[in-house]
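Trainee: Below is the structure I would like to discuss, written out as C-alpha cells.
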Amino acid sequence: MITIIVAADQDLLIGKKGTKNGMPWSNSEDLKHFKKTTLNHTVLFGMNTFKAMGSRPLPKRKTIILTRSDFTSDEVEVRHQLEDVIQEYKDRGEDLFICGGANIYKQALPLADEILLSRIPGKHTGETYFPSFDDMGYTCVEKRPFETFTLEVYRRV
Ligand SMILES: NC(=O)c1ccc[n+]([C@@H]2O[C@H](COP(=O)([O-])OP(=O)(O)OC[C@H]3O[C@@H](n4cnc5c(N)ncnc54)[C@H](OP(=O)(O)O)[C@@H]3O)[C@@H](O)[C@H]2O)c1
C-alpha cells in the first residue's frame, strides 16, 4: 500500500518556515500518531522536508530522501526518481509512507492508494499547502476523532 500521510489545517496548510520542525503548529498527539503508524515501515521525504527535520533519519524506520542533487548519506537511502520508488514498493507489495512535503505530495497523489490526513482544527499561519485532491479519485472512508485532531482516511475508488 502506498500511503500519503499528512497533517493539515482547515485550509490544507501544512508548512511554516522557521519553526522547529517546519510545522505551523505544535501537536504532540499527531506526532505520536505519525510515529505509531510509520514505525518499522519505510518513510519517504523530499529534500526540503528532510532539511526542515534537521537532516536526520527517523529512528526505527527506513528513510528514503528524494533529491535531484548529488547528495549522499550513510544514514538514509537517497533516490532521484519518485515513480521508480513507488513502483518498487507496489511490485513487492510493501508499505511505503509518503511523508511530504508539498512538492512530493503533488507528484505522489496520482500514484498513491490512500491518504491519512490529520485535520488540525482552525486556521494557522504558514506558506506551504497540501495540493487540492478533489478530482483525484479519492473518497473519504473514515473520520476518526482524536482528542486534538480528526484523522481523515481517503482511499482511491
Ligand atoms: N504538515 C505535514 O504533514 C508536513 C509534512 C511534510 C512536510 N511539510 C512541510 O512542507 C514543507 C516542505 O515542502 P516543499 O514542497 O517545500 O519541499 P519537499 O517536497 O519536502 O522537497 C522538495 C525537494 O525534493 C526534491 N524532489 C522533488 N521532486 C523530486 C523528484 N521527482 N525527483 C527527485 N527529487 C525531487 C527536490 O530536492 P533538491 O532541491 O535537493 O533536488 C525538491 O527541491 C515544509 O514546510 C515542511 O515542514 C509538512
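In the C-alpha cells, chains take the letters A, B, ... in the order shown, each chain's residues start at 1, and ligands count up from 1 in the order shown.
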Which segment 65-142 of chain A residues have any atom within 9 Å of an atom of segment 13-22 of chain A, and for each, what is the nearest pair of atoms with distance in Å to one decimal, counting only C-alpha atoms, rows sorted by chain and number, as a tab-separated table?

Mentor:
residue	atom	partner	partner_atom	distance
A:Gly101	CA	A:Gly15	CA	8.1
A:Ala102	CA	A:Ile14	CA	7.8
A:Lys123	CA	A:Leu13	CA	8.2
A:His124	CA	A:Leu13	CA	7.3
A:Thr125	CA	A:Lys16	CA	7.1
A:Gly126	CA	A:Lys16	CA	4.1
A:Glu127	CA	A:Lys16	CA	5.7
A:Thr128	CA	A:Gly15	CA	4.7
A:Tyr129	CA	A:Leu13	CA	4.3
A:Phe130	CA	A:Ile14	CA	6.2

Trainee: Those selected residues, please, written with N, CA and C atoms and delivered as a short mmCIF file (atom, residue, chain, number, x, y, z; two decimals), in the first residue's frame.

Mentor:
data_model
loop_
_atom_site.label_atom_id
_atom_site.label_comp_id
_atom_site.auth_asym_id
_atom_site.auth_seq_id
_atom_site.Cartn_x
_atom_site.Cartn_y
_atom_site.Cartn_z
N GLY A 101 7.40 16.99 1.41
CA GLY A 101 6.38 18.00 1.60
C GLY A 101 5.49 18.20 0.38
N ALA A 102 5.07 19.44 0.20
CA ALA A 102 4.05 19.77 -0.78
C ALA A 102 4.42 19.29 -2.19
N LYS A 123 -7.37 27.75 11.73
CA LYS A 123 -6.65 28.37 10.62
C LYS A 123 -5.31 28.82 11.18
N HIS A 124 -4.22 28.39 10.58
CA HIS A 124 -2.89 28.69 11.11
C HIS A 124 -2.12 29.54 10.10
N THR A 125 -0.93 30.00 10.52
CA THR A 125 -0.13 30.80 9.59
C THR A 125 1.02 29.96 9.04
N GLY A 126 1.35 30.21 7.79
CA GLY A 126 2.43 29.48 7.13
C GLY A 126 2.35 29.77 5.65
N GLU A 127 3.12 29.04 4.85
CA GLU A 127 3.14 29.35 3.42
C GLU A 127 3.06 28.10 2.53
N THR A 128 3.09 26.92 3.11
CA THR A 128 3.08 25.72 2.26
C THR A 128 1.76 24.96 2.43
N TYR A 129 1.15 24.61 1.32
CA TYR A 129 -0.17 23.96 1.33
C TYR A 129 -0.14 22.59 0.67
N PHE A 130 -0.96 21.69 1.19
CA PHE A 130 -1.20 20.40 0.54
C PHE A 130 -2.04 20.66 -0.72
#

Trainee: What are the closest atom pairs, with distances in Å to one decimal, for each residue of chain A lying within 9 Å of ligand 1, using only C-alpha atoms and all ligand atoms, rows by chain and rising residue number, as CSV?

Mentor:
residue,atom,partner,partner_atom_place_in_ligand_line,distance
A:Ile5,CA,ligand 1,3 (O),6.6
A:Val6,CA,ligand 1,3 (O),3.5
A:Ala7,CA,ligand 1,3 (O),3.8
A:Ala8,CA,ligand 1,1 (N),5.4
A:Asp9,CA,ligand 1,1 (N),8.4
A:Leu12,CA,ligand 1,1 (N),8.7
A:Leu13,CA,ligand 1,1 (N),7.2
A:Ile14,CA,ligand 1,1 (N),3.7
A:Gly15,CA,ligand 1,45 (O),3.5
A:Lys16,CA,ligand 1,45 (O),4.8
A:Lys17,CA,ligand 1,45 (O),5.6
A:Gly18,CA,ligand 1,45 (O),8.5
A:Thr19,CA,ligand 1,47 (O),8.3
A:Asn21,CA,ligand 1,47 (O),6.1
A:Gly22,CA,ligand 1,47 (O),3.4
A:Met23,CA,ligand 1,47 (O),4.8
A:Pro24,CA,ligand 1,1 (N),7.6
A:Trp25,CA,ligand 1,1 (N),8.8
A:Phe45,CA,ligand 1,20 (O),5.9
A:Gly46,CA,ligand 1,21 (O),3.5
A:Met47,CA,ligand 1,24 (O),4.3
A:Asn48,CA,ligand 1,20 (O),3.9
A:Thr49,CA,ligand 1,20 (O),3.7
A:Phe50,CA,ligand 1,20 (O),6.5
A:Lys51,CA,ligand 1,20 (O),8.1
A:Ala52,CA,ligand 1,47 (O),5.9
A:Met53,CA,ligand 1,47 (O),7.6
A:Ile65,CA,ligand 1,24 (O),7.8
A:Leu66,CA,ligand 1,34 (N),4.4
A:Thr67,CA,ligand 1,34 (N),3.3
A:Arg68,CA,ligand 1,41 (O),3.5
A:Ser69,CA,ligand 1,41 (O),4.8
A:Asp70,CA,ligand 1,40 (O),8.2
A:Phe71,CA,ligand 1,40 (O),7.5
A:Arg79,CA,ligand 1,33 (C),6.8
A:His80,CA,ligand 1,33 (C),4.1
A:Gln81,CA,ligand 1,32 (N),4.6
A:Leu82,CA,ligand 1,31 (N),5.1
A:Glu83,CA,ligand 1,31 (N),7.6
A:Ile98,CA,ligand 1,6 (C),8.7
A:Cys99,CA,ligand 1,6 (C),5.3
A:Gly100,CA,ligand 1,6 (C),3.7
A:Gly101,CA,ligand 1,13 (O),3.5
A:Ala102,CA,ligand 1,15 (O),3.7
A:Asn103,CA,ligand 1,15 (O),3.7
A:Ile104,CA,ligand 1,19 (O),4.2
A:Tyr105,CA,ligand 1,19 (O),6.8
A:Lys106,CA,ligand 1,19 (O),8.3
A:Gln107,CA,ligand 1,31 (N),7.1
A:Leu117,CA,ligand 1,3 (O),8.0
A:Ser118,CA,ligand 1,3 (O),7.9
A:Gly126,CA,ligand 1,45 (O),8.0
A:Glu127,CA,ligand 1,45 (O),7.6
A:Thr128,CA,ligand 1,11 (C),5.8
A:Tyr129,CA,ligand 1,10 (O),7.5
A:Phe130,CA,ligand 1,1 (N),8.1

Trainee: Can you write out the residues you just picked, keeping C-alpha atoms, as a PDB file, in the first residue's frame?

Mentor:
ATOM      1  CA  ILE A   5       0.490  10.783   5.438  1.00  0.00           C
ATOM      2  CA  VAL A   6      -0.007  14.479   6.215  1.00  0.00           C
ATOM      3  CA  ALA A   7      -1.234  16.911   8.850  1.00  0.00           C
ATOM      4  CA  ALA A   8      -3.164  19.905   7.531  1.00  0.00           C
ATOM      5  CA  ASP A   9      -5.401  22.664   8.861  1.00  0.00           C
ATOM      6  CA  LEU A  12      -4.833  22.433   3.817  1.00  0.00           C
ATOM      7  CA  LEU A  13      -1.924  24.465   5.219  1.00  0.00           C
ATOM      8  CA  ILE A  14       0.960  22.095   6.044  1.00  0.00           C
ATOM      9  CA  GLY A  15       4.176  24.075   6.497  1.00  0.00           C
ATOM     10  CA  LYS A  16       5.710  27.173   8.006  1.00  0.00           C
ATOM     11  CA  LYS A  17       9.286  28.335   7.508  1.00  0.00           C
ATOM     12  CA  GLY A  18      11.437  28.984  10.553  1.00  0.00           C
ATOM     13  CA  THR A  19       9.657  26.721  13.054  1.00  0.00           C
ATOM     14  CA  ASN A  21      10.247  21.125  12.614  1.00  0.00           C
ATOM     15  CA  GLY A  22       8.694  23.105   9.746  1.00  0.00           C
ATOM     16  CA  MET A  23       5.139  22.586  11.026  1.00  0.00           C
ATOM     17  CA  PRO A  24       2.758  25.560  11.568  1.00  0.00           C
ATOM     18  CA  TRP A  25       1.596  24.107  14.937  1.00  0.00           C
ATOM     19  CA  PHE A  45      10.626  12.661   2.295  1.00  0.00           C
ATOM     20  CA  GLY A  46      11.556  15.404  -0.143  1.00  0.00           C
ATOM     21  CA  MET A  47      14.851  17.147   0.488  1.00  0.00           C
ATOM     22  CA  ASN A  48      13.231  20.350   1.858  1.00  0.00           C
ATOM     23  CA  THR A  49      11.285  18.430   4.475  1.00  0.00           C
ATOM     24  CA  PHE A  50      14.358  16.373   5.383  1.00  0.00           C
ATOM     25  CA  LYS A  51      16.269  19.620   5.966  1.00  0.00           C
ATOM     26  CA  ALA A  52      13.366  21.087   7.996  1.00  0.00           C
ATOM     27  CA  MET A  53      13.567  17.977  10.213  1.00  0.00           C
ATOM     28  CA  ILE A  65      15.149  11.034   0.683  1.00  0.00           C
ATOM     29  CA  LEU A  66      14.284  12.332  -2.770  1.00  0.00           C
ATOM     30  CA  THR A  67      16.612  14.850  -4.409  1.00  0.00           C
ATOM     31  CA  ARG A  68      17.817  15.810  -7.863  1.00  0.00           C
ATOM     32  CA  SER A  69      21.205  16.746  -6.392  1.00  0.00           C
ATOM     33  CA  ASP A  70      24.258  14.518  -5.826  1.00  0.00           C
ATOM     34  CA  PHE A  71      23.674  14.491  -2.044  1.00  0.00           C
ATOM     35  CA  ARG A  79      16.806   8.409  -4.572  1.00  0.00           C
ATOM     36  CA  HIS A  80      16.228  10.572  -7.657  1.00  0.00           C
ATOM     37  CA  GLN A  81      13.001   9.185  -9.181  1.00  0.00           C
ATOM     38  CA  LEU A  82       9.750   9.124  -7.188  1.00  0.00           C
ATOM     39  CA  GLU A  83       7.883   6.947  -9.696  1.00  0.00           C
ATOM     40  CA  ILE A  98       4.948   9.340   1.521  1.00  0.00           C
ATOM     41  CA  CYS A  99       5.664  11.999   4.149  1.00  0.00           C
ATOM     42  CA  GLY A 100       5.912  15.227   2.135  1.00  0.00           C
ATOM     43  CA  GLY A 101       6.380  17.996   1.601  1.00  0.00           C
ATOM     44  CA  ALA A 102       4.047  19.768  -0.784  1.00  0.00           C
ATOM     45  CA  ASN A 103       6.164  19.136  -3.866  1.00  0.00           C
ATOM     46  CA  ILE A 104       6.358  15.387  -3.205  1.00  0.00           C
ATOM     47  CA  TYR A 105       2.681  15.135  -2.227  1.00  0.00           C
ATOM     48  CA  LYS A 106       1.657  16.730  -5.524  1.00  0.00           C
ATOM     49  CA  GLN A 107       3.623  14.172  -7.539  1.00  0.00           C
ATOM     50  CA  LEU A 117      -4.880  13.303   6.756  1.00  0.00           C
ATOM     51  CA  SER A 118      -4.704  14.570  10.337  1.00  0.00           C
ATOM     52  CA  GLY A 126       2.426  29.479   7.128  1.00  0.00           C
ATOM     53  CA  GLU A 127       3.139  29.348   3.415  1.00  0.00           C
ATOM     54  CA  THR A 128       3.078  25.716   2.263  1.00  0.00           C
ATOM     55  CA  TYR A 129      -0.175  23.960   1.332  1.00  0.00           C
ATOM     56  CA  PHE A 130      -1.198  20.397   0.539  1.00  0.00           C
TER      57      PHE A 130
END

Trainee: So, with only C-alpha atoms as the atoms that count, which of A:Lys32, A:His41, A:Lys143, A:Lys60 lies closest to Ile115 of chain A?

Mentor: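 Once distances to Ile115 of chain A are computed over only C-alpha atoms, the minimum belongs to A:Lys143.
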
Trainee: Within chain A, find each residue whose DSSP state, derived from the backbone, is strand (DSSP E), and express the selection as an MDAnalysis selection string.

Mentor: chainID A and resid 2:8 13:15 42:46 62:66 77:79 96:98 114:119 128:129 138:145 150:156

Trainee: Apply DSSP to the structure's backbone, then extract all residues of chain A labelled helix (DSSP H, G or I) and return them as a PyMOL selection string.

Mentor: chain A and resi 28-38+47-52+82-92+102-108

Trainee: Quote the spacing between atom CA of Cys140 of chain A and atom CA of Pro121 of chain A in Å to one decimal place.

Mentor: 17.5 Å

Trainee: Which of these residues is nearest to His33 of chain A, using only C-alpha atoms: A:Glu142, A:Asp74, A:Glu147, A:Asp84?

Mentor: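 Under the stated criterion, the closest residue is A:Glu147.
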